[in-house]
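Participant: What follows is coords16.txt, made up of compact mmCIF, C-alpha atoms and all ligand atoms:
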```txt
# COMPACT_ATOMS: atom_id res chain seq x y z
CA MET A 1 81.94 -63.02 81.80
CA HIS A 2 79.33 -60.35 81.21
CA SER A 3 79.91 -58.82 84.62
CA LEU A 4 83.27 -57.52 83.34
CA CYS A 5 81.53 -55.20 80.84
CA LYS A 6 81.98 -51.56 81.95
CA SER A 7 78.73 -49.94 80.84
CA PRO A 8 75.54 -51.29 82.39
CA ARG A 9 73.55 -53.46 80.01
CA VAL A 10 70.20 -53.86 81.70
CA LEU A 11 67.44 -56.37 81.00
CA VAL A 12 64.10 -55.38 82.59
CA THR A 13 61.40 -58.07 82.81
CA GLY A 14 57.71 -57.23 83.24
CA SER A 15 58.59 -53.82 81.90
CA LEU A 16 55.16 -52.83 80.58
CA GLY A 17 53.71 -52.73 84.09
CA GLN A 18 53.18 -49.75 86.35
CA ILE A 19 56.78 -49.47 87.55
CA GLY A 20 58.50 -50.84 84.45
CA THR A 21 57.13 -48.31 81.97
CA GLU A 22 58.64 -45.47 84.00
CA LEU A 23 61.79 -47.26 85.13
CA VAL A 24 62.77 -48.28 81.58
CA SER A 25 62.50 -44.71 80.29
CA THR A 26 64.54 -43.30 83.18
CA LEU A 27 67.23 -45.97 82.78
CA ARG A 28 67.38 -45.30 79.03
CA MET A 29 67.90 -41.60 79.66
CA LYS A 30 70.69 -42.43 82.10
CA TYR A 31 72.52 -45.31 80.39
CA GLY A 32 71.53 -44.78 76.73
CA ALA A 33 68.44 -46.31 75.12
CA GLU A 34 70.51 -49.02 73.41
CA ASN A 35 71.73 -50.30 76.81
CA VAL A 36 68.29 -51.08 78.26
CA LEU A 37 66.34 -54.05 76.91
CA ALA A 38 62.67 -53.91 77.88
CA SER A 39 60.72 -57.18 77.94
CA ASP A 40 57.27 -58.46 78.84
CA ILE A 41 54.63 -60.97 77.74
CA LYS A 42 52.68 -58.00 76.37
CA PHE A 43 53.89 -55.86 73.49
CA PRO A 44 54.07 -52.05 73.65
CA THR A 45 50.91 -50.37 72.34
CA GLU A 46 49.78 -46.79 71.86
CA LYS A 47 48.41 -46.87 75.43
CA ALA A 48 51.21 -48.84 77.12
CA LYS A 49 54.58 -47.73 75.84
CA PHE A 50 57.83 -46.17 76.96
CA ASP A 51 58.50 -42.41 76.84
CA VAL A 52 62.00 -43.24 75.60
CA GLU A 53 62.03 -45.83 72.80
CA GLY A 54 64.61 -48.62 72.67
CA PRO A 55 64.99 -52.37 72.21
CA PHE A 56 62.12 -54.65 73.25
CA LYS A 57 61.92 -58.44 73.43
CA TYR A 58 59.12 -60.86 74.30
CA VAL A 59 60.29 -62.70 77.44
CA ASN A 60 58.01 -64.93 79.47
CA THR A 61 59.89 -65.29 82.76
CA ASN A 62 58.31 -68.69 83.34
CA ASN A 63 60.42 -69.87 80.41
CA ILE A 64 64.08 -70.04 81.47
CA GLU A 65 65.28 -70.40 77.89
CA GLN A 66 63.74 -67.05 76.95
CA ILE A 67 65.50 -65.31 79.88
CA LYS A 68 68.80 -66.98 78.97
CA GLU A 69 68.52 -65.94 75.35
CA ALA A 70 67.77 -62.33 76.29
CA VAL A 71 70.68 -62.14 78.76
CA VAL A 72 73.18 -63.77 76.39
CA ASN A 73 72.21 -62.00 73.16
CA PHE A 74 71.90 -58.59 74.82
CA ARG A 75 75.08 -59.18 76.91
CA ALA A 76 73.10 -58.04 79.96
CA ASN A 77 75.16 -57.54 83.11
CA LYS A 78 72.18 -56.40 85.21
CA VAL A 79 68.68 -57.87 85.38
CA ILE A 80 65.79 -56.00 87.00
CA HIS A 81 63.03 -58.54 87.43
CA LEU A 82 59.62 -56.86 87.66
CA SER A 83 57.24 -59.42 86.21
CA SER A 84 54.73 -60.28 88.89
CA ILE A 85 51.11 -60.92 89.84
CA LEU A 86 50.17 -58.39 92.54
CA SER A 87 48.46 -59.17 95.85
CA ALA A 88 44.74 -58.90 95.08
CA THR A 89 44.92 -60.66 91.69
CA GLY A 90 47.22 -63.23 93.27
CA GLU A 91 44.64 -64.17 95.92
CA GLN A 92 42.08 -64.66 93.16
CA ASN A 93 44.45 -66.76 91.08
CA PRO A 94 46.97 -68.31 93.48
CA ASP A 95 48.31 -70.89 91.00
CA LEU A 96 49.22 -68.16 88.53
CA ALA A 97 50.76 -66.06 91.33
CA MET A 98 52.88 -69.02 92.48
CA GLU A 99 53.99 -69.75 88.93
CA VAL A 100 54.86 -66.17 87.93
CA ASN A 101 56.13 -64.85 91.25
CA SER A 102 58.07 -67.84 92.57
CA HIS A 103 59.00 -69.89 89.50
CA GLY A 104 59.75 -66.79 87.38
CA ALA A 105 62.09 -65.48 90.09
CA GLU A 106 63.82 -68.88 90.44
CA ASN A 107 64.55 -68.76 86.70
CA CYS A 108 66.07 -65.29 87.02
CA PHE A 109 68.27 -66.41 89.93
CA LYS A 110 69.57 -69.40 87.95
CA VAL A 111 70.30 -67.40 84.79
CA CYS A 112 71.95 -64.46 86.59
CA ASN A 113 74.04 -66.79 88.69
CA TYR A 114 75.22 -68.73 85.62
CA TYR A 115 76.03 -65.71 83.46
CA GLY A 116 77.41 -63.43 86.21
CA ALA A 117 74.74 -60.73 85.93
CA SER A 118 73.52 -58.86 89.01
CA LEU A 119 69.85 -59.20 89.95
CA LEU A 120 67.46 -56.67 91.48
CA ILE A 121 63.93 -57.80 92.38
CA PRO A 122 61.57 -55.50 94.29
CA SER A 123 60.00 -56.95 97.41
CA SER A 124 56.96 -55.42 99.07
CA ILE A 125 55.29 -54.48 102.34
CA ALA A 126 53.27 -57.63 101.49
CA ALA A 127 56.29 -59.64 102.72
CA PHE A 128 55.07 -58.84 106.25
CA GLY A 129 52.14 -60.49 108.01
CA PRO A 130 49.81 -60.20 110.97
CA GLU A 131 52.49 -61.14 113.55
CA THR A 132 54.87 -58.44 112.24
CA PRO A 133 55.16 -55.24 114.35
CA ARG A 134 52.71 -53.02 112.44
CA HIS A 135 54.02 -49.53 113.14
CA ASN A 136 57.39 -48.33 111.88
CA THR A 137 58.11 -51.96 110.92
CA PRO A 138 61.87 -52.68 111.08
CA ASP A 139 63.88 -54.43 108.32
CA LEU A 140 64.49 -57.47 110.45
CA CYS A 141 61.42 -58.91 112.15
CA ILE A 142 58.95 -61.77 111.97
CA GLN A 143 57.60 -62.28 108.43
CA ARG A 144 54.67 -64.65 108.08
CA PRO A 145 52.58 -63.20 105.24
CA LEU A 146 49.20 -64.73 104.45
CA THR A 147 48.94 -63.95 100.71
CA MET A 148 50.49 -66.00 97.91
CA TYR A 149 52.09 -62.76 96.69
CA GLY A 150 53.65 -62.04 100.10
CA ILE A 151 54.86 -65.62 100.49
CA SER A 152 56.66 -65.39 97.14
CA LYS A 153 58.31 -62.13 98.24
CA VAL A 154 59.73 -63.74 101.40
CA TYR A 155 60.93 -66.67 99.27
CA ILE A 156 62.69 -64.25 96.88
CA GLU A 157 64.31 -62.35 99.75
CA LEU A 158 65.65 -65.60 101.24
CA LEU A 159 66.78 -66.98 97.87
CA GLY A 160 68.59 -63.68 97.35
CA ASN A 161 70.45 -64.09 100.65
CA TRP A 162 71.36 -67.66 99.76
CA TYR A 163 72.64 -66.85 96.27
CA ASN A 164 74.58 -63.88 97.61
CA GLN A 165 76.24 -65.80 100.44
CA LYS A 166 76.81 -69.13 98.69
CA LYS A 167 77.41 -68.05 95.09
CA GLY A 168 78.47 -64.41 95.37
CA LEU A 169 75.51 -63.24 93.26
CA ASP A 170 74.98 -59.49 93.53
CA PHE A 171 71.31 -59.57 94.58
CA ARG A 172 69.50 -56.45 95.78
CA SER A 173 65.91 -55.85 96.83
CA LEU A 174 63.65 -53.15 98.27
CA ARG A 175 60.43 -53.64 100.19
CA LEU A 176 58.29 -51.13 98.35
CA PRO A 177 55.09 -49.64 99.74
CA GLY A 178 52.04 -48.96 97.52
CA ILE A 179 53.26 -46.99 94.50
CA ILE A 180 51.16 -44.12 93.17
CA SER A 181 51.53 -42.77 89.65
CA TRP A 182 49.52 -41.17 86.89
CA LYS A 183 51.19 -42.66 83.79
CA ALA A 184 50.42 -46.41 83.84
CA LEU A 185 47.47 -48.08 85.52
CA PRO A 186 48.24 -50.52 88.31
CA GLY A 187 47.85 -54.28 87.93
CA GLY A 188 45.66 -55.61 90.74
CA GLY A 189 47.16 -54.47 94.04
CA THR A 190 45.58 -53.84 97.44
CA THR A 191 46.98 -50.29 97.53
CA ASP A 192 45.51 -49.36 94.14
CA TYR A 193 42.53 -47.47 95.58
CA ALA A 194 45.02 -44.65 96.16
CA ILE A 195 45.44 -44.29 92.38
CA ASP A 196 41.83 -44.86 91.35
CA ILE A 197 40.65 -42.18 93.77
CA TYR A 198 42.44 -39.47 91.71
CA TYR A 199 40.91 -40.73 88.43
CA GLN A 200 37.40 -40.80 89.93
CA ALA A 201 37.85 -37.41 91.58
CA LEU A 202 38.53 -35.88 88.17
CA LYS A 203 36.07 -37.95 86.13
CA LYS A 204 33.07 -37.97 88.50
CA GLY A 205 33.84 -35.77 91.51
CA HIS A 206 32.89 -38.81 93.63
CA TYR A 207 34.88 -41.91 94.59
CA THR A 208 32.34 -44.68 95.10
CA ASN A 209 32.85 -48.03 96.80
CA CYS A 210 36.34 -47.44 98.18
CA PHE A 211 37.34 -51.07 98.81
CA LEU A 212 39.10 -50.32 102.12
CA LYS A 213 37.71 -48.85 105.34
CA LYS A 214 38.35 -45.17 105.85
CA ASP A 215 40.87 -45.65 108.67
CA THR A 216 43.06 -48.31 106.97
CA ARG A 217 46.57 -46.90 107.12
CA MET A 218 49.20 -48.22 104.71
CA PRO A 219 52.70 -47.19 103.62
CA MET A 220 52.72 -45.46 100.21
CA MET A 221 55.11 -43.67 97.84
CA TYR A 222 54.95 -41.45 94.76
CA MET A 223 56.43 -43.04 91.62
CA ASP A 224 59.29 -40.55 91.20
CA ASP A 225 60.60 -41.47 94.65
CA CYS A 226 60.22 -45.17 93.80
CA ILE A 227 62.18 -44.92 90.54
CA ARG A 228 64.93 -42.91 92.23
CA GLY A 229 65.09 -45.42 95.10
CA ILE A 230 65.42 -48.39 92.73
CA ILE A 231 68.21 -46.70 90.77
CA GLU A 232 70.02 -45.54 93.91
CA LEU A 233 70.09 -49.10 95.23
CA LEU A 234 71.07 -50.46 91.81
CA GLU A 235 74.06 -48.12 91.76
CA ALA A 236 75.02 -48.29 95.47
CA LYS A 237 78.53 -49.57 96.17
CA ASN A 238 78.34 -53.23 97.14
CA GLU A 239 80.65 -52.70 100.12
CA ASN A 240 78.15 -50.19 101.60
CA LEU A 241 75.32 -52.72 101.63
CA LYS A 242 74.93 -54.42 105.01
CA GLN A 243 71.90 -56.40 103.91
CA ARG A 244 70.44 -57.57 100.60
CA THR A 245 66.83 -56.37 101.16
CA TYR A 246 65.92 -52.89 102.44
CA ASN A 247 62.66 -51.37 103.60
CA LEU A 248 61.96 -48.30 101.45
CA GLY A 249 59.59 -46.04 103.34
CA ALA A 250 58.09 -42.71 102.36
CA ILE A 251 54.60 -41.65 103.46
CA ASP A 252 51.61 -43.38 105.03
CA PHE A 253 47.94 -42.44 105.01
CA THR A 254 44.37 -43.73 105.22
CA PRO A 255 41.63 -43.46 102.55
CA GLU A 256 40.10 -40.66 104.61
CA GLU A 257 43.39 -38.72 104.66
CA ILE A 258 43.95 -38.98 100.89
CA TYR A 259 40.31 -37.90 100.43
CA GLU A 260 40.95 -34.85 102.63
CA SER A 261 44.11 -34.07 100.65
CA ILE A 262 42.13 -34.10 97.37
CA LYS A 263 39.37 -32.01 98.98
CA LYS A 264 41.88 -29.22 99.60
CA VAL A 265 42.07 -28.86 95.79
CA MET A 266 38.53 -30.02 94.92
CA PRO A 267 36.29 -28.94 97.87
CA LYS A 268 33.16 -30.64 96.45
CA PHE A 269 34.79 -34.07 96.13
CA LYS A 270 32.84 -36.93 97.80
CA ILE A 271 33.69 -40.49 98.87
CA ASP A 272 31.81 -43.57 100.05
CA TYR A 273 33.09 -46.92 101.24
CA LYS A 274 32.36 -50.58 100.49
CA PRO A 275 35.21 -52.72 101.85
CA ASP A 276 35.75 -56.08 100.10
CA PHE A 277 38.23 -59.01 100.32
CA ARG A 278 41.15 -56.59 99.96
CA GLN A 279 40.42 -55.26 103.46
CA SER A 280 41.57 -58.55 104.99
CA ILE A 281 44.84 -58.31 103.02
CA ALA A 282 45.47 -54.70 104.08
CA ASP A 283 44.75 -55.59 107.72
CA THR A 284 47.82 -57.86 107.77
CA TRP A 285 50.25 -55.27 106.38
CA PRO A 286 52.24 -52.61 108.25
CA THR A 287 50.84 -49.11 108.71
CA SER A 288 54.32 -47.62 108.23
CA ILE A 289 57.84 -48.94 107.68
CA ASP A 290 61.22 -47.92 109.04
CA SER A 291 63.76 -47.21 106.31
CA SER A 292 66.60 -46.00 108.53
CA CYS A 293 68.88 -48.82 107.25
CA ALA A 294 68.45 -47.64 103.63
CA LYS A 295 69.16 -44.10 104.81
CA LYS A 296 72.29 -45.14 106.72
CA ASP A 297 73.76 -47.49 104.09
CA TRP A 298 72.99 -45.64 100.85
CA GLY A 299 71.43 -42.31 101.79
CA TRP A 300 67.72 -42.95 101.07
CA GLU A 301 65.39 -39.93 101.53
CA HIS A 302 61.90 -39.58 100.07
CA ASP A 303 60.78 -36.31 98.54
CA TYR A 304 56.99 -36.37 98.06
CA ASP A 305 54.54 -35.92 100.95
CA LEU A 306 50.79 -36.54 100.54
CA ASP A 307 49.77 -33.02 99.48
CA LYS A 308 52.68 -32.59 97.07
CA MET A 309 51.75 -35.94 95.49
CA THR A 310 48.08 -34.91 95.25
CA ASP A 311 49.02 -31.71 93.41
CA VAL A 312 51.20 -33.56 90.89
CA MET A 313 48.68 -36.39 90.39
CA LEU A 314 45.74 -34.04 89.75
CA MET A 315 47.73 -31.74 87.49
CA ASN A 316 49.06 -34.55 85.29
CA LEU A 317 45.88 -36.62 85.24
CA LYS A 318 43.87 -33.57 84.19
CA LYS A 319 46.11 -33.22 81.13
CA LYS A 320 46.05 -36.98 80.46
CA LEU A 321 42.26 -37.31 80.70
CA PHE A 322 40.96 -34.04 79.27
CA VAL A 323 43.55 -32.36 77.02
N1 LIG B 1 53.10 -51.23 92.15
C1 LIG B 1 53.26 -51.33 93.46
O1 LIG B 1 52.57 -50.67 94.25
C2 LIG B 1 54.31 -52.25 94.00
C3 LIG B 1 54.57 -52.23 95.37
C4 LIG B 1 55.50 -53.09 95.93
C5 LIG B 1 56.23 -53.92 95.09
N2 LIG B 1 55.99 -53.93 93.76
C6 LIG B 1 56.75 -54.85 92.93
O2 LIG B 1 57.33 -54.18 91.82
C7 LIG B 1 57.37 -55.07 90.70
C8 LIG B 1 56.64 -54.44 89.53
O3 LIG B 1 55.31 -54.18 89.92
P1 LIG B 1 54.26 -53.40 89.00
O4 LIG B 1 53.43 -52.60 89.89
O5 LIG B 1 54.96 -52.75 87.88
O6 LIG B 1 53.39 -54.62 88.49
P2 LIG B 1 52.34 -54.66 87.27
O7 LIG B 1 51.33 -55.68 87.62
O8 LIG B 1 51.90 -53.30 86.92
O9 LIG B 1 53.26 -55.21 86.08
C9 LIG B 1 53.73 -56.52 86.02
C10 LIG B 1 54.15 -56.82 84.60
O10 LIG B 1 54.58 -58.18 84.58
C11 LIG B 1 54.15 -58.74 83.34
N3 LIG B 1 54.10 -60.20 83.46
C12 LIG B 1 53.18 -60.97 84.09
N4 LIG B 1 53.49 -62.28 83.94
C13 LIG B 1 54.65 -62.32 83.24
C14 LIG B 1 55.47 -63.38 82.78
N5 LIG B 1 55.18 -64.66 83.01
N6 LIG B 1 56.60 -63.05 82.09
C15 LIG B 1 56.92 -61.76 81.85
N7 LIG B 1 56.17 -60.72 82.23
C16 LIG B 1 55.04 -61.00 82.93
C17 LIG B 1 52.78 -58.12 83.09
O11 LIG B 1 52.43 -58.20 81.71
C18 LIG B 1 53.00 -56.69 83.58
O12 LIG B 1 53.38 -55.84 82.51
C19 LIG B 1 56.76 -56.39 91.19
O13 LIG B 1 57.78 -57.22 91.65
C20 LIG B 1 55.91 -55.96 92.35
O14 LIG B 1 55.74 -56.99 93.27
C21 LIG B 1 55.03 -53.12 93.20
C1 LIG B 2 52.00 -53.24 98.06
C2 LIG B 2 52.28 -53.79 96.72
O1 LIG B 2 53.07 -54.89 96.71
C3 LIG B 2 51.19 -53.77 95.68
N1 LIG B 2 50.81 -52.42 95.41
C4 LIG B 2 49.96 -54.55 96.09
O2 LIG B 2 49.07 -53.97 96.66
O3 LIG B 2 49.90 -55.72 95.84
```
Could I get this structure in the form of structure tokens?
Facilitator:
Amino acid sequence: MHSLCKSPRVLVTGSLGQIGTELVSTLRMKYGAENVLASDIKFPTEKAKFDVEGPFKYVNTNNIEQIKEAVVNFRANKVIHLSSILSATGEQNPDLAMEVNSHGAENCFKVCNYYGASLLIPSSIAAFGPETPRHNTPDLCIQRPLTMYGISKVYIELLGNWYNQKKGLDFRSLRLPGIISWKALPGGGTTDYAIDIYYQALKKGHYTNCFLKKDTRMPMMYMDDCIRGIIELLEAKNENLKQRTYNLGAIDFTPEEIYESIKKVMPKFKIDYKPDFRQSIADTWPTSIDSSCAKKDWGWEHDYDLDKMTDVMLMNLKKKLFV
């Protein structure tokens, strides 16, 4: 069985996305480039590539045979499944979201269960809905999301519990907030205004048509915290885990607060608002989440606050855009 292999052999799906491009490079630095197989339905390009090069394979996660082949030939004992259609794109193309998010995950569960590999799939604050307690949302509470994306996340969380209890599959998941980074562009999320605002601040000095109202508070996190959180959960001792899915909280802010944070560095920066369909998605999500269970079971602490993140985002984006 592959699970008996000592060194981690990790297959990452959807690895050319926002989180994957950074996670793959960090894992390669940690485990050795040859031990991390990146995969996606896109191929690496000059614009979208990994800082640390290593093996890459085309894997469409809707095709179970392609996942099987990658796991078997690479002798993967861990799968990190990232391929996904995010919330806003998912509401515009619900059939695609159902196919990629639910069917793709089902395929990963079946393959990992059969070949004895562990499986980590991120969940999201989108797994909560309008009936969920909105402030400091606990791990265990009512979850009735209204988006196709959120529905698939609840399905994955529950499948993970089932496979863990009935089949002994080592499944782990984190409910991530909106992730903010400067390296890769996001892929159609409701929290993505909080990335675009930094680009527009530097390019135009004015963020026009912010698609959420100025007082819409959502949980957020800087990418470095996200990558560290994923790897800490991946490496946590199984006996310390009291649940299979953990809230992973960090910071929370509104469009107006991130605007004020940027203004501290760029006093002439301006913003205007034009909320669209994404407002109704954001209105059903928590304003902040409680990650005390992750802290208690495996020591989770975030590092970046809003102003520290703003400094790092502006500094790195300046170099990326203008140097
Ligand atoms: N970015 C965030 O703010 C955020 C927040 C919470 C949870 N998450 C979760 O983290 C994971 C990764 O998110 P991300 O932000 O990197 O997403 P992304 O949209 O940036 O990347 C998704 C990747 O999946 C690939 N993909 C799409 N369909 C595929 C298929 N059929 N087969 C294989 N690959 C396919 C895409 O080409 C893309 O590279 C997802 O599960 C997402 O739900 C992300
Ligand atoms: C929150 C998260 O899952 C993603 N950033 C989205 O907005 O869809």
Participant: Write out as a short mmCIF file (atom, residue, chain, number, x, y, z; two decimals) with C-alpha atoms, in the frame of the given file each polymer residue whose atoms come within 10 Å of region 46-55 of chain A, counting only C-alpha atoms; drop sequence neighbours fewer than 4 positions from it.
Facilitator:
```cif
data_model
loop_
_atom_site.label_atom_id
_atom_site.label_comp_id
_atom_site.auth_asym_id
_atom_site.auth_seq_id
_atom_site.Cartn_x
_atom_site.Cartn_y
_atom_site.Cartn_z
CA LEU A 11 67.44 -56.37 81.00
CA SER A 15 58.59 -53.82 81.90
CA LEU A 16 55.16 -52.83 80.58
CA GLY A 17 53.71 -52.73 84.09
CA GLN A 18 53.18 -49.75 86.35
CA GLY A 20 58.50 -50.84 84.45
CA THR A 21 57.13 -48.31 81.97
CA GLU A 22 58.64 -45.47 84.00
CA LEU A 23 61.79 -47.26 85.13
CA VAL A 24 62.77 -48.28 81.58
CA SER A 25 62.50 -44.71 80.29
CA THR A 26 64.54 -43.30 83.18
CA LEU A 27 67.23 -45.97 82.78
CA ARG A 28 67.38 -45.30 79.03
CA MET A 29 67.90 -41.60 79.66
CA GLY A 32 71.53 -44.78 76.73
CA ALA A 33 68.44 -46.31 75.12
CA GLU A 34 70.51 -49.02 73.41
CA ASN A 35 71.73 -50.30 76.81
CA VAL A 36 68.29 -51.08 78.26
CA LEU A 37 66.34 -54.05 76.91
CA ALA A 38 62.67 -53.91 77.88
CA SER A 39 60.72 -57.18 77.94
CA LYS A 42 52.68 -58.00 76.37
CA PHE A 74 71.90 -58.59 74.82
CA LYS A 183 51.19 -42.66 83.79
CA ALA A 184 50.42 -46.41 83.84
CA LEU A 185 47.47 -48.08 85.52
#
```
Participant: Could I get the residue neighbourhood of ligand LIG 2 (chain B) at 10 Å, counting all atoms listed in the file, as a PyMOL selection string?
Facilitator: chain A and resi 18+84-91+122-127+147+149-150+153+175-180+186-194+218-220+278+281-282+285
Participant: Please, could you write that set of residues out with C-alpha atoms as a PDB file, in the frame of the given file?
Facilitator:
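Result written to out02.pdb:
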```
ATOM      1  CA  GLN A  18      53.180 -49.750  86.350  1.00  0.00           C
ATOM      2  CA  SER A  84      54.730 -60.280  88.890  1.00  0.00           C
ATOM      3  CA  ILE A  85      51.110 -60.920  89.840  1.00  0.00           C
ATOM      4  CA  LEU A  86      50.170 -58.390  92.540  1.00  0.00           C
ATOM      5  CA  SER A  87      48.460 -59.170  95.850  1.00  0.00           C
ATOM      6  CA  ALA A  88      44.740 -58.900  95.080  1.00  0.00           C
ATOM      7  CA  THR A  89      44.920 -60.660  91.690  1.00  0.00           C
ATOM      8  CA  GLY A  90      47.220 -63.230  93.270  1.00  0.00           C
ATOM      9  CA  GLU A  91      44.640 -64.170  95.920  1.00  0.00           C
ATOM     10  CA  PRO A 122      61.570 -55.500  94.290  1.00  0.00           C
ATOM     11  CA  SER A 123      60.000 -56.950  97.410  1.00  0.00           C
ATOM     12  CA  SER A 124      56.960 -55.420  99.070  1.00  0.00           C
ATOM     13  CA  ILE A 125      55.290 -54.480 102.340  1.00  0.00           C
ATOM     14  CA  ALA A 126      53.270 -57.630 101.490  1.00  0.00           C
ATOM     15  CA  ALA A 127      56.290 -59.640 102.720  1.00  0.00           C
ATOM     16  CA  THR A 147      48.940 -63.950 100.710  1.00  0.00           C
ATOM     17  CA  TYR A 149      52.090 -62.760  96.690  1.00  0.00           C
ATOM     18  CA  GLY A 150      53.650 -62.040 100.100  1.00  0.00           C
ATOM     19  CA  LYS A 153      58.310 -62.130  98.240  1.00  0.00           C
ATOM     20  CA  ARG A 175      60.430 -53.640 100.190  1.00  0.00           C
ATOM     21  CA  LEU A 176      58.290 -51.130  98.350  1.00  0.00           C
ATOM     22  CA  PRO A 177      55.090 -49.640  99.740  1.00  0.00           C
ATOM     23  CA  GLY A 178      52.040 -48.960  97.520  1.00  0.00           C
ATOM     24  CA  ILE A 179      53.260 -46.990  94.500  1.00  0.00           C
ATOM     25  CA  ILE A 180      51.160 -44.120  93.170  1.00  0.00           C
ATOM     26  CA  PRO A 186      48.240 -50.520  88.310  1.00  0.00           C
ATOM     27  CA  GLY A 187      47.850 -54.280  87.930  1.00  0.00           C
ATOM     28  CA  GLY A 188      45.660 -55.610  90.740  1.00  0.00           C
ATOM     29  CA  GLY A 189      47.160 -54.470  94.040  1.00  0.00           C
ATOM     30  CA  THR A 190      45.580 -53.840  97.440  1.00  0.00           C
ATOM     31  CA  THR A 191      46.980 -50.290  97.530  1.00  0.00           C
ATOM     32  CA  ASP A 192      45.510 -49.360  94.140  1.00  0.00           C
ATOM     33  CA  TYR A 193      42.530 -47.470  95.580  1.00  0.00           C
ATOM     34  CA  ALA A 194      45.020 -44.650  96.160  1.00  0.00           C
ATOM     35  CA  MET A 218      49.200 -48.220 104.710  1.00  0.00           C
ATOM     36  CA  PRO A 219      52.700 -47.190 103.620  1.00  0.00           C
ATOM     37  CA  MET A 220      52.720 -45.460 100.210  1.00  0.00           C
ATOM     38  CA  ARG A 278      41.150 -56.590  99.960  1.00  0.00           C
ATOM     39  CA  ILE A 281      44.840 -58.310 103.020  1.00  0.00           C
ATOM     40  CA  ALA A 282      45.470 -54.700 104.080  1.00  0.00           C
ATOM     41  CA  TRP A 285      50.250 -55.270 106.380  1.00  0.00           C
TER      42      TRP A 285
END
```
Participant: Report, in Å with one decimal, the straight-line distance from CA of Ser102 (chain A) to CA of Ala236 (chain A).
Facilitator: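 Here the two named atoms are 26.0 Å from each other.
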Participant: Between A:Lys204, A:Arg228, A:Lys237, A:His81, which has the minimum distance to Val10 (chain A) (counting only C-alpha atoms)?
Facilitator: A:His81
Participant: So how many Å separate CA of Gln165 (chain A) and atom C1 of ligand LIG 1 (chain B), to one decimal?
Facilitator: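 Separation between CA of Gln165 (chain A) and atom C1 of ligand LIG 1 (chain B): 28.0 Å.
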Participant: May I ask which of the residues A:Glu106, A:Asp283, A:Glu257, A:Asp276 is the closest one to Thr310 (chain A), counting all atoms listed in the file?
Facilitator: A:Glu257
Participant: I'd like to know which of A:Lys203, A:His103, A:Lys30, A:Lys78 is closest to ligand LIG 1 (chain B), using only C-alpha atoms and all ligand atoms.
Facilitator: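 Between A:Lys203, A:His103, A:Lys30, A:Lys78, the residue approaching ligand LIG 1 (chain B) most closely is A:His103.
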Participant: Please report, as lines of an AutoDock Vina configuration file, the centre and edge lengths in Å to one decimal of an axis-aligned box covering all listed atoms of region 180-195 of chain A with 4 Å per side.
Facilitator:
```
center_x = 47.0
center_y = -48.4
center_z = 90.7
size_x = 17.0
size_y = 22.4
size_z = 21.7
```
Participant: In terms of the shortest atom-to-atom distance over only C-alpha atoms and all ligand atoms, which of A:Ser181, A:Ser7, A:Asn113, A:Gln243 is closest to ligand LIG 1 (chain B)?
Facilitator: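 For ligand LIG 1 (chain B), the nearest of the given residues is A:Ser181.
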Participant: Nearest to Ala250 (chain A): which of A:Val312, A:Cys210, A:Met221, A:Leu202 is it, counting all atoms listed in the file?
Facilitator: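 That would be A:Met221, the residue with the smallest distance to Ala250 (chain A).
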Participant: Could you pull out every residue with an atom within 12 Å of (67.6, -64.2, 74.8), file coordinates, counting only C-alpha atoms, and send them as a list of chain:residue names?
Facilitator: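 Collected hits near the coordinates: A:Leu11, A:Thr13, A:Leu37, A:Ala38, A:Ser39, A:Phe56, A:Lys57, A:Tyr58, A:Val59, A:Asn60, A:Thr61, A:Asn63, A:Ile64, A:Glu65, A:Gln66, A:Ile67, A:Lys68, A:Glu69, A:Ala70, A:Val71, A:Val72, A:Asn73, A:Phe74, A:Arg75, A:Ala76, A:Val111.
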